[in-house]
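A.B. asks: Submitted below is the structure of interest, expressed as structure tokens.
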Amino acid sequence: MVFRKDINGLRAIAVVAVVLFHFNVAYFKGGFAGVDIFFVISGYLMTSIIFNKLQKDQFSITGFYLARAKRIVPALLVLCLILLCFTWFTLPPYEFKNFGKQMIGAATFMSNFLFLKEAGYFDTSSHEKWLLHTWSLSVEWQFYILYPVAIVIIKKLFTLQNTRWIILLCAICSFLLSAFFPAKQAEAGFYLLPTRAWEMMSGGLVYLFALQVSHKKSVVLELAGLLLIIPCIIFLDSSVKWPGSLALIPVLGTVLILIAARENSFITGNKFAQYLGSTSYSLYLWHWPVVVGLYLFGLYQTPLWALTGIVISLGLAHLSYTFVEQYGRSSVNHNNYLFQLGKYAAMSSVIIGAGLIIFRFDGLPFRVDEFIAVADKEQKNRNPRAECFVVPNSDPTSPMCVFGENKSKIAVIVIGDSHSNAAITAVAAAIPAEQGGALFLGADGCISMMNLSTPYFDQCGAYNKKILSYLDENLSGVPVILINHITKKLLTAEEKSPNTTIYLNGVANTEKAFRPLFTEQYANHICNISKKRPVFIMQPIPEMGVNVPQTIIRAKMYHAREIDVSITRHDYDSHNYTVRDLNSSTAKTCNAMVMDPSAYLCDATTCFGSINKRPLYYDDDHLSEYGNKL
């Protein structure tokens, strides 16, 4: 097809927005919308390729797949290979194992599903995922697989002319799904094709309906498009539900610029924009690992290093474009599509195989010394009975696991969220064998007893209702221990976001009514339980503010220092005063008892995250199986 300078310049706008957003540059908080611009451009180009060849009766699905593979696969695989060599020397086993999993996701174009199961795209922990940005490549590739097949099928049932109306209908359905996708499942809406397809189909519709405009109108349309895109990049931020209905703004802006088709525009047609547009794919691939590297070495928040990172990204992108992309775009042998697709599949299988080996053999721990290996093992030293921990689902039900040597009778019941899961084995170990075991009723991300609904666990309240009903009808007289991760931030949140807002009986934790409602219901539930049995309330576990094993490992690997991690006792007391007071006053009201872990994890001045360089936590606030025994 004919090369369009305006589309190449649009790529430049998109990649600049994404790169500066990821490097945390001021006034680019909405730079993530650059990915949406890429999707629209991609949809336009793919539709033009497919329909041009269909009209000439020259379209081949395998040829289409091959062309996409030549465009995407070589640079991606080279990135994976070079990162594999780099991370071999810089990542401890636990993180290297995760990197192996990310390589599999990237090379199979399924990484959007992989990252959907983990923390959100905008979470701080995302800065430790070397291949996080490949989620968008996976979405595009899934579109490339399905789109031409769907068009060929539709063409056989309808005329080529009517096909565009069906695509319009599909785009509207996808947009409505995106716009009305539940805020509590925002991550799925962000990562999955069904809520993204409308953006690509929007670009396709520009080609299919082929609006022609005069030169004067094209200038106005281009300006209008930029006036839609630029404010999104400047004023949006990660608190908004995305893509959602707001994504219509940058998508419409991109559509207007595509319709304008201004080949000689100063904005999209200048030499710098053309260069950035040509290298945009390689720049997109390489900038994120540079961001992760800066974050890993503690340099991410430094403006000078951010600028250095941008320059390094541009240099790597130039090398990738010159020596990988350009080479990979050599002419296609039209008589050998399947053979060449097989060649790319074989290349991908090498990366997939390497990822499988790394994942299967736990990050190949022989690469690191014993000090690092000890700290690294603590990241995996968690409750071994994962099947006993209730995870979010539509009908959460406890498997009613009993921990301890003697499972024939119940000595104590433990309820709570992930902090209860991190402590249950220590509770069971403390029970004399003749008394029985510990019944575990914990649920991940679900503070016990409360009618809560969270973005992570929509049915938390329903699960807690089952637990309260069970306790009311069973095991009267058996003590209950409550171990919950309640924080001051949860009780007094100020900034509302669909990704973080928690609701109690429909009241958001950003509202003033939330805290008194929580306090009242918390006391009511505990008082009701304590009528039939002793109740023990665990005070907050100290939060270290950093991933303890990772901090110890990185100090050793990157700075040759052996350190312990801790916070001051003053910090613990000040951060947890509200919650400790809530627990103490509730215990007094309900004749319950308070268990205080700080007596064992802190002294008069310090709360310890590690002792003699061995972590007590497997992350920043969950005790490991070693630490919980304290």
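Please note that chains go A, B, ... in the order of the structure tokens, that every chain numbers its residues from 1, and that ligands are numbered from 1 in the order shown.
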Can you list, as a PyMOL selection string, every protein, DNA or RNA residue that comes within 8 Å of A:Gly225 when you count only C-alpha atoms, leaving out same-chain residues fewer than 6 positions away?

C.D. replies: chain A and resi 250+252-257

A.B. asks: A:Gly34, A:Gly269, A:Gly355, A:Pro516: which is nearest A:Thr492, counting only C-alpha atoms?

C.D. replies: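 Looking only at the distances to A:Thr492, the closest residue turns out to be A:Pro516.
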
A.B. asks: A:Thr87: which residues within 9 Å, counting only C-alpha atoms, same-chain residues fewer than 4 positions away excluded, as a list in words?

C.D. replies: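 Everything that qualifies: Ile82, Leu83, Leu91, Pro92, Phe96 and Phe99 of chain A.
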
A.B. asks: Within 12 Å of A:Leu616, counting only C-alpha atoms, which residues qualify if same-chain residues fewer than 5 places away don't, as a PyMOL selection string?

C.D. replies: chain A and resi 374-382+422-423+541-544+547-549+552+564-566+600-602+607-611+621-630

A.B. asks: Could you jot down the atom CA of A:Ile72 to atom CA of A:Tyr275 separation for me, Å, one decimal place?

C.D. replies: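 Atom-to-atom, atom CA of A:Ile72 to atom CA of A:Tyr275, that is 18.3 Å.
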
A.B. asks: For the contact check between stretch 323-419 of chain A and stretch 457-466 of chain A, emit one row per residue of stretch 323-419 of chain A within 12 Å, containing the shortest atom pair and the distance in Å rounded to one decimal, counting only C-alpha atoms, chain then rising number order, as a tab-separated table.

C.D. replies:
```
residue	atom	partner	partner_atom	distance
A:Val390	CA	A:Tyr463	CA	9.2
A:Val391	CA	A:Phe457	CA	8.0
A:Pro392	CA	A:Phe457	CA	5.1
A:Asn393	CA	A:Gln459	CA	7.2
A:Ser394	CA	A:Gln459	CA	6.5
A:Asp395	CA	A:Gln459	CA	7.4
A:Pro396	CA	A:Tyr463	CA	5.8
A:Thr397	CA	A:Tyr463	CA	6.7
A:Ser398	CA	A:Tyr463	CA	8.4
A:Ile415	CA	A:Asn464	CA	9.6
A:Gly416	CA	A:Asn464	CA	9.5
A:Asp417	CA	A:Cys460	CA	10.1
```

A.B. asks: Which of stretch 340-486 of chain A counts as strand (DSSP E or B) under DSSP, as a PDB file with C-alpha atoms, in the first residue's frame please?

C.D. replies:
```
ATOM      1  CA  VAL A 390     -10.118 -18.779  49.174  1.00  0.00           C
ATOM      2  CA  CYS A 401      -8.875 -26.891  55.844  1.00  0.00           C
ATOM      3  CA  VAL A 402      -7.519 -27.902  59.239  1.00  0.00           C
ATOM      4  CA  PHE A 403      -3.850 -27.191  59.998  1.00  0.00           C
ATOM      5  CA  ILE A 410     -10.760 -28.143  66.168  1.00  0.00           C
ATOM      6  CA  ALA A 411      -8.880 -26.188  68.816  1.00  0.00           C
ATOM      7  CA  VAL A 412      -9.087 -22.751  67.207  1.00  0.00           C
ATOM      8  CA  ILE A 413     -10.609 -21.026  64.162  1.00  0.00           C
ATOM      9  CA  VAL A 414      -8.571 -18.493  62.150  1.00  0.00           C
ATOM     10  CA  ILE A 415     -10.368 -16.011  59.891  1.00  0.00           C
ATOM     11  CA  GLY A 416      -9.067 -13.037  57.950  1.00  0.00           C
ATOM     12  CA  GLY A 437      -5.777 -28.284  64.937  1.00  0.00           C
ATOM     13  CA  ALA A 438      -6.613 -24.871  63.513  1.00  0.00           C
ATOM     14  CA  LEU A 439      -9.576 -24.487  61.154  1.00  0.00           C
ATOM     15  CA  PHE A 440      -8.661 -21.957  58.476  1.00  0.00           C
ATOM     16  CA  ALA A 443      -9.922 -15.375  51.972  1.00  0.00           C
ATOM     17  CA  LEU A 452     -17.099  -5.377  51.622  1.00  0.00           C
ATOM     18  CA  SER A 453     -16.808  -5.184  47.859  1.00  0.00           C
ATOM     19  CA  VAL A 480     -11.623 -17.410  66.953  1.00  0.00           C
ATOM     20  CA  ILE A 481      -8.511 -15.484  65.950  1.00  0.00           C
ATOM     21  CA  LEU A 482      -9.011 -12.535  63.564  1.00  0.00           C
ATOM     22  CA  ILE A 483      -5.967 -11.616  61.480  1.00  0.00           C
TER      23      ILE A 483
END
```

A.B. asks: Name the residues of stretch 176-210 of chain A that fall into helix (DSSP H, G or I) according to DSSP on the backbone, using the chain letters and numbers of this document, as an MDAnalysis selection string.

C.D. replies: chainID A and resid 176:179 183:191 193:195 197:209

A.B. asks: Quick one: distance from atom CA of A:Val139 to atom CA of A:Gln340 in Å, one decimal?

C.D. replies: 22.8 Å

A.B. asks: Work out how far apart atom CA of A:Phe32 and atom CA of A:Thr134 are and give it in Å to one decimal.

C.D. replies: 13.7 Å

A.B. asks: Identify, on the basis of only C-alpha atoms, every residue whose closest approach to A:Gln521 does not exceed 8 Å; exclude the query and any residue fewer than 4 positions from it along the same chain; express the result as a list in words.

C.D. replies: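 With the cut-off at 8 Å, the set is Met450, Leu517 and His525 of chain A.
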
A.B. asks: Would you mind exporting the chosen residues as a tab-separated table (two decimals), in the first residue's frame, restricted to C-alpha atoms?

C.D. replies:
```
chain	number	residue	atom	x	y	z
A	450	MET	CA	-17.36	-7.12	56.74
A	517	LEU	CA	-19.81	2.65	59.43
A	525	HIS	CA	-19.70	-8.54	64.30
```

A.B. asks: Using only C-alpha atoms, determine which residues lie at most 12 Å from A:Phe361, disregarding the query and same-chain residues fewer than 3 positions distant; provide the list as an MDAnalysis selection string.

C.D. replies: chainID A and resid 93:94 96:98 100:101 354:358 364:367

A.B. asks: Taking N, CA and C atoms for each residue, export the selection above as a PDB file, in the first residue's frame.

C.D. replies:
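That gives us part.pdb:
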```
ATOM      1  N   PRO A  93      16.883 -15.917  41.575  1.00  0.00           N
ATOM      2  CA  PRO A  93      16.061 -17.005  41.005  1.00  0.00           C
ATOM      3  C   PRO A  93      14.565 -16.721  40.938  1.00  0.00           C
ATOM      4  N   TYR A  94      13.984 -16.177  42.004  1.00  0.00           N
ATOM      5  CA  TYR A  94      12.531 -15.959  42.021  1.00  0.00           C
ATOM      6  C   TYR A  94      12.104 -14.997  40.918  1.00  0.00           C
ATOM      7  N   PHE A  96      13.914 -14.247  38.242  1.00  0.00           N
ATOM      8  CA  PHE A  96      14.295 -14.834  36.961  1.00  0.00           C
ATOM      9  C   PHE A  96      13.246 -15.847  36.500  1.00  0.00           C
ATOM     10  N   LYS A  97      12.676 -16.567  37.447  1.00  0.00           N
ATOM     11  CA  LYS A  97      11.594 -17.494  37.118  1.00  0.00           C
ATOM     12  C   LYS A  97      10.401 -16.728  36.540  1.00  0.00           C
ATOM     13  N   ASN A  98      10.054 -15.606  37.148  1.00  0.00           N
ATOM     14  CA  ASN A  98       8.964 -14.781  36.632  1.00  0.00           C
ATOM     15  C   ASN A  98       9.289 -14.235  35.248  1.00  0.00           C
ATOM     16  N   GLY A 100      11.134 -15.754  33.044  1.00  0.00           N
ATOM     17  CA  GLY A 100      10.934 -16.874  32.138  1.00  0.00           C
ATOM     18  C   GLY A 100       9.478 -17.003  31.716  1.00  0.00           C
ATOM     19  N   LYS A 101       8.573 -16.814  32.689  1.00  0.00           N
ATOM     20  CA  LYS A 101       7.147 -16.868  32.395  1.00  0.00           C
ATOM     21  C   LYS A 101       6.743 -15.727  31.459  1.00  0.00           C
ATOM     22  N   ALA A 354      13.386 -21.648  26.219  1.00  0.00           N
ATOM     23  CA  ALA A 354      14.235 -21.064  27.267  1.00  0.00           C
ATOM     24  C   ALA A 354      13.395 -20.613  28.454  1.00  0.00           C
ATOM     25  N   GLY A 355      12.262 -19.995  28.154  1.00  0.00           N
ATOM     26  CA  GLY A 355      11.373 -19.565  29.228  1.00  0.00           C
ATOM     27  C   GLY A 355      10.851 -20.729  30.041  1.00  0.00           C
ATOM     28  N   LEU A 356      10.498 -21.823  29.360  1.00  0.00           N
ATOM     29  CA  LEU A 356       9.996 -23.009  30.060  1.00  0.00           C
ATOM     30  C   LEU A 356      11.061 -23.602  30.983  1.00  0.00           C
ATOM     31  N   ILE A 357      12.304 -23.656  30.507  1.00  0.00           N
ATOM     32  CA  ILE A 357      13.393 -24.191  31.333  1.00  0.00           C
ATOM     33  C   ILE A 357      13.598 -23.326  32.571  1.00  0.00           C
ATOM     34  N   ILE A 358      13.625 -22.011  32.374  1.00  0.00           N
ATOM     35  CA  ILE A 358      13.812 -21.089  33.509  1.00  0.00           C
ATOM     36  C   ILE A 358      12.678 -21.248  34.516  1.00  0.00           C
ATOM     37  N   LEU A 364      16.727 -21.185  37.945  1.00  0.00           N
ATOM     38  CA  LEU A 364      18.121 -21.666  37.888  1.00  0.00           C
ATOM     39  C   LEU A 364      18.972 -21.080  39.015  1.00  0.00           C
ATOM     40  N   PRO A 365      18.731 -21.506  40.255  1.00  0.00           N
ATOM     41  CA  PRO A 365      19.409 -20.909  41.412  1.00  0.00           C
ATOM     42  C   PRO A 365      20.914 -21.109  41.459  1.00  0.00           C
ATOM     43  N   PHE A 366      21.460 -22.023  40.664  1.00  0.00           N
ATOM     44  CA  PHE A 366      22.912 -22.220  40.671  1.00  0.00           C
ATOM     45  C   PHE A 366      23.666 -20.980  40.202  1.00  0.00           C
ATOM     46  N   ARG A 367      22.957 -20.001  39.612  1.00  0.00           N
ATOM     47  CA  ARG A 367      23.612 -18.800  39.098  1.00  0.00           C
ATOM     48  C   ARG A 367      24.076 -17.852  40.191  1.00  0.00           C
TER      49      ARG A 367
END
```

A.B. asks: Which of these, A:Val213, A:Leu471, A:Val368, A:Ala429, has the shortest distance to A:Leu441 once you count only C-alpha atoms?

C.D. replies: A:Leu471

A.B. asks: Would you pick out the contacts of stretch 7-21 of chain A at 8 Å or less, using only C-alpha atoms, so that residues sharing its chain but fewer than 4 positions from it are not included, and give the list as an MDAnalysis selection string?

C.D. replies: chainID A and resid 25 28:35 37:38 41 233 254 258 267:270 273:278 280 283:284 287:288 310

A.B. asks: Using only C-alpha atoms, which of the listed residues (A:Ser584, A:Thr322, A:Ile563, A:Gln550) sits closest to A:Asp619?

C.D. replies: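 Among the listed residues, A:Gln550 lies closest to A:Asp619.
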
A.B. asks: Which residue is closest to A:Thr195? Choose from A:Trp242, A:Cys85, A:Asn509, A:Lys271 and count only C-alpha atoms.

C.D. replies: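 Between A:Trp242, A:Cys85, A:Asn509, A:Lys271, the residue approaching A:Thr195 most closely is A:Trp242.
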
A.B. asks: Nearest to A:Glu434 among A:Tyr456, A:Ser214, A:Glu405, A:Leu81, with distances taken over only C-alpha atoms: which residue is it?

C.D. replies: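 Checking each of A:Tyr456, A:Ser214, A:Glu405, A:Leu81 against A:Glu434, counting only C-alpha atoms, the winner is A:Glu405.
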